[in-house]
Every structure is written in C-alpha cells, then in structure tokens.
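*Asks:* Just passing along the structure, written as structure tokens.
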Amino acid sequence: MVAARRTLREGNSIAIFPEGRISPTPGAKLLPFHDGAFQMAIETGVPIVPVGMPLNHMFMPDVKGRLRVRYHRIKIVFHEPIPTTGLTLDDIPALKQRVAELLTGDFLPEGAVKPRANVLSGEAPADAA
C-alpha cells in the first residue's frame with residue numbers, strides 16, 4: 001500500500017479490484033468491497049474512477065484457485081470520476097455503495113453464467129464422443 005500511495009501522489013493511476021477476488025456468482029452479484037482502495041483515495045485526495053468489467057470472469061476465470069486468461073469478448077465501462085476531496089473515512093460506506101451500484105448496473109445477462117470448468121481447463125466435456 002505504501003508504493004500505491006506513492007504512485008498516486010506522483011500523479012499516476014493504479015487499478016484495484018475492491019472485491020479482492022472473483023465472486024462465486026460472477027456477473028450476478030458483487031462480493032463486499034474491502035475498504036483499502038477507498039481509504040487510500042480519500043487519504044490521497046484522488047478521485048475514484050469506477051471501471052466495470054462485467055465479463056471479466058469469462059476472460060480471466062478462476063480455475064481451481066488459479067487465474068487463467070482465455071479468449072472471450074469483454075466489455076469495459078469507464079464511469080465518471082467520483083471526487084474524494086473533502087471526504088473522511090466516515091464516508092467510506094456510502095462511497096463503496098455508490099461504486100457498487102454503478103458496477104452492478106454494468107452487469108450483462110450473459111455474464112451471470114459461470115463458465116464450465118472443463119471448457120476453461122481444456123478438458124473434453126464428459127458428453128464428448
């Protein structure tokens with residue numbers, strides 16, 4: 001986190017996935033956000049730019065505890081920056097809620113299906129002849 005704060009203070013951007021991992025129900029429900037990204041944004045006074053990737057779990061699925069990159073169409077939605085100037089750590093719950101609502105609004109119907117493990121691992125489906 002020290003390096004991330006320094007990067008922000010130097011005027012550079014960082015990307016943080018506030019859930020910490022891919023949800024067991026990706027594309028349908030977000031996991032609770034951790035406070036770290038929001039705390040850092042408030043403490044450094046930088047805006048938060050929510051970036052939705054509603055098909056990320058199809059492109060980079062979690063297969064048996066390991067992330068694998070797979071060819072799949074993705075969608076990336078850049079939302080308007082949310083200023084953090086004047087906010088305090090007491091504002092974190094409302095800020096997390098606001099970001100979660102934006103990202104949930106990016107969900108796509110086809111994203112609510114988790115890819116089959118055999119397709120992701122390269123194994124043949126059980127019903128293949």
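Please note that chains go A, B, ... in the order of the structure tokens, that every chain numbers its residues from 1, and that ligands are numbered from 1 in the order shown.
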Kindly provide the residues of region 24-44 of chain A that approach region 94-97 of chain A to within 8 Å, each paired with its closest atom pair and their distance in Å to one decimal, based on only C-alpha atoms, listed by chain and increasing number, as a tab-separated table.

*Replies:*
```
residue	atom	partner	partner_atom	distance
A:Phe33	CA	A:Lys96	CA	6.8
A:Asp35	CA	A:Lys96	CA	8.0
A:Phe38	CA	A:Lys96	CA	7.3
```

*Asks:* Please run DSSP on the backbone and report, as a PyMOL selection string, all residues within chain A that come out as alpha helix (DSSP H).

*Replies:* chain A and resi 2-9+36-44+56-59+92-104+117-121

*Asks:* Please compute the CA of Met1 (chain A)-CA of Gly36 (chain A) distance, one decimal, in Å.

*Replies:* 8.5 Å

*Asks:* Show me, as JSON lines, the residues of region 19-60 of chain A having an atom within 6 Å of region 74-79 of chain A, each with the closest atom pair and its distance in Å, using only C-alpha atoms.

*Replies:*
```
{"residue": "A:Pro50", "atom": "CA", "partner": "A:His79", "partner_atom": "CA", "distance": 5.4}
{"residue": "A:Val51", "atom": "CA", "partner": "A:Phe78", "partner_atom": "CA", "distance": 4.7}
{"residue": "A:Gly52", "atom": "CA", "partner": "A:Val77", "partner_atom": "CA", "distance": 4.9}
{"residue": "A:Met53", "atom": "CA", "partner": "A:Ile76", "partner_atom": "CA", "distance": 4.8}
{"residue": "A:Leu55", "atom": "CA", "partner": "A:Ile74", "partner_atom": "CA", "distance": 5.4}
```

*Asks:* I'd like the neighbourhood of His34 (chain A) as an MDAnalysis selection string, where a residue qualifies if any of its atoms comes within 10 Å (using only C-alpha atoms), though same-chain residues fewer than 5 positions away should be ignored.

*Replies:* chainID A and resid 17:20 39 92 96

*Asks:* As a list in words, please: the residues near Thr84 (chain A) (cut-off 6 Å, only C-alpha atoms, same-chain neighbours under 4 positions excluded).

*Replies:*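 So the residues in contact are Ile42, Gly45 and Pro47 of chain A.
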
*Asks:* Using all heavy atoms, can you write the selected residues to a file as a PDB file, in the first residue's frame?

*Replies:*
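Wrote selection02.pdb, looks like this:
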```pdb
ATOM      1  N   ILE A  42      -9.333   8.540  -0.419  1.00  0.00           N
ATOM      2  CA  ILE A  42      -9.691   9.656   0.462  1.00  0.00           C
ATOM      3  C   ILE A  42      -8.430  10.285   1.066  1.00  0.00           C
ATOM      4  O   ILE A  42      -8.285  11.510   1.079  1.00  0.00           O
ATOM      5  CB  ILE A  42     -10.674   9.194   1.568  1.00  0.00           C
ATOM      6  CG1 ILE A  42     -12.039   8.889   0.931  1.00  0.00           C
ATOM      7  CG2 ILE A  42     -10.796  10.237   2.670  1.00  0.00           C
ATOM      8  CD1 ILE A  42     -13.014   8.182   1.862  1.00  0.00           C
ATOM      9  N   GLY A  45      -6.602  12.113  -1.635  1.00  0.00           N
ATOM     10  CA  GLY A  45      -7.394  13.136  -2.303  1.00  0.00           C
ATOM     11  C   GLY A  45      -7.582  12.912  -3.793  1.00  0.00           C
ATOM     12  O   GLY A  45      -7.922  13.849  -4.515  1.00  0.00           O
ATOM     13  N   PRO A  47      -9.508  11.187  -7.127  1.00  0.00           N
ATOM     14  CA  PRO A  47     -10.850  10.681  -7.444  1.00  0.00           C
ATOM     15  C   PRO A  47     -10.819   9.180  -7.685  1.00  0.00           C
ATOM     16  O   PRO A  47      -9.791   8.609  -8.054  1.00  0.00           O
ATOM     17  CB  PRO A  47     -11.227  11.437  -8.710  1.00  0.00           C
ATOM     18  CG  PRO A  47      -9.938  11.833  -9.329  1.00  0.00           C
ATOM     19  CD  PRO A  47      -8.952  11.998  -8.206  1.00  0.00           C
TER      20      PRO A  47
END
```

*Asks:* CA of Val63 (chain A) and CA of Thr25 (chain A) are how many Å apart?

*Replies:* 14.0 Å

*Asks:* Run DSSP on the backbone and grab whatever in region 14-97 of chain A lands in strand (DSSP E or B); send it over as a VMD selection string.

*Replies:* chain A and resid 48 51 to 52 62 to 63 66 to 67 77 to 78 82

*Asks:* Now that the selection is made, can you save its residues with N, CA, C and O atoms as a short mmCIF file (atom, residue, chain, number, x, y, z; two decimals), in the first residue's frame?

*Replies:*
```cif
data_model
loop_
_atom_site.label_atom_id
_atom_site.label_comp_id
_atom_site.auth_asym_id
_atom_site.auth_seq_id
_atom_site.Cartn_x
_atom_site.Cartn_y
_atom_site.Cartn_z
N ILE A 48 -11.96 8.57 -7.51
CA ILE A 48 -12.14 7.15 -7.83
C ILE A 48 -12.83 7.10 -9.19
O ILE A 48 -13.85 7.77 -9.39
N VAL A 51 -14.46 1.31 -12.82
CA VAL A 51 -14.33 0.66 -14.12
C VAL A 51 -15.02 -0.69 -14.02
O VAL A 51 -14.60 -1.55 -13.25
N GLY A 52 -16.09 -0.84 -14.78
CA GLY A 52 -16.82 -2.09 -14.79
C GLY A 52 -16.31 -3.02 -15.88
O GLY A 52 -16.07 -2.58 -17.00
N ASP A 62 -11.31 -17.98 -12.63
CA ASP A 62 -10.61 -18.64 -11.54
C ASP A 62 -10.85 -20.14 -11.71
O ASP A 62 -11.96 -20.62 -11.56
N VAL A 63 -9.81 -20.87 -12.08
CA VAL A 63 -9.91 -22.31 -12.29
C VAL A 63 -9.07 -23.00 -11.22
O VAL A 63 -7.85 -22.90 -11.22
N ARG A 66 -6.59 -20.82 -9.51
CA ARG A 66 -5.60 -20.13 -10.34
C ARG A 66 -6.33 -19.35 -11.42
O ARG A 66 -7.29 -19.84 -12.01
N LEU A 67 -5.86 -18.15 -11.68
CA LEU A 67 -6.46 -17.35 -12.75
C LEU A 67 -5.87 -17.78 -14.08
O LEU A 67 -4.66 -17.97 -14.20
N VAL A 77 -16.35 -0.64 -19.00
CA VAL A 77 -17.14 0.58 -18.84
C VAL A 77 -16.40 1.52 -17.89
O VAL A 77 -16.18 1.18 -16.73
N PHE A 78 -16.01 2.68 -18.40
CA PHE A 78 -15.36 3.70 -17.57
C PHE A 78 -16.42 4.69 -17.11
O PHE A 78 -17.05 5.36 -17.93
N ILE A 82 -15.32 10.01 -9.39
CA ILE A 82 -16.01 10.42 -8.15
C ILE A 82 -15.00 11.14 -7.29
O ILE A 82 -14.03 10.54 -6.82
#
```

*Asks:* Pick the closest to Leu8 (chain A) from A:Ala112, A:Val49, A:Ala41, A:Leu103: which is it, counting only C-alpha atoms?

*Replies:*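 Smallest separation from Leu8 (chain A) among the options: A:Ala41.
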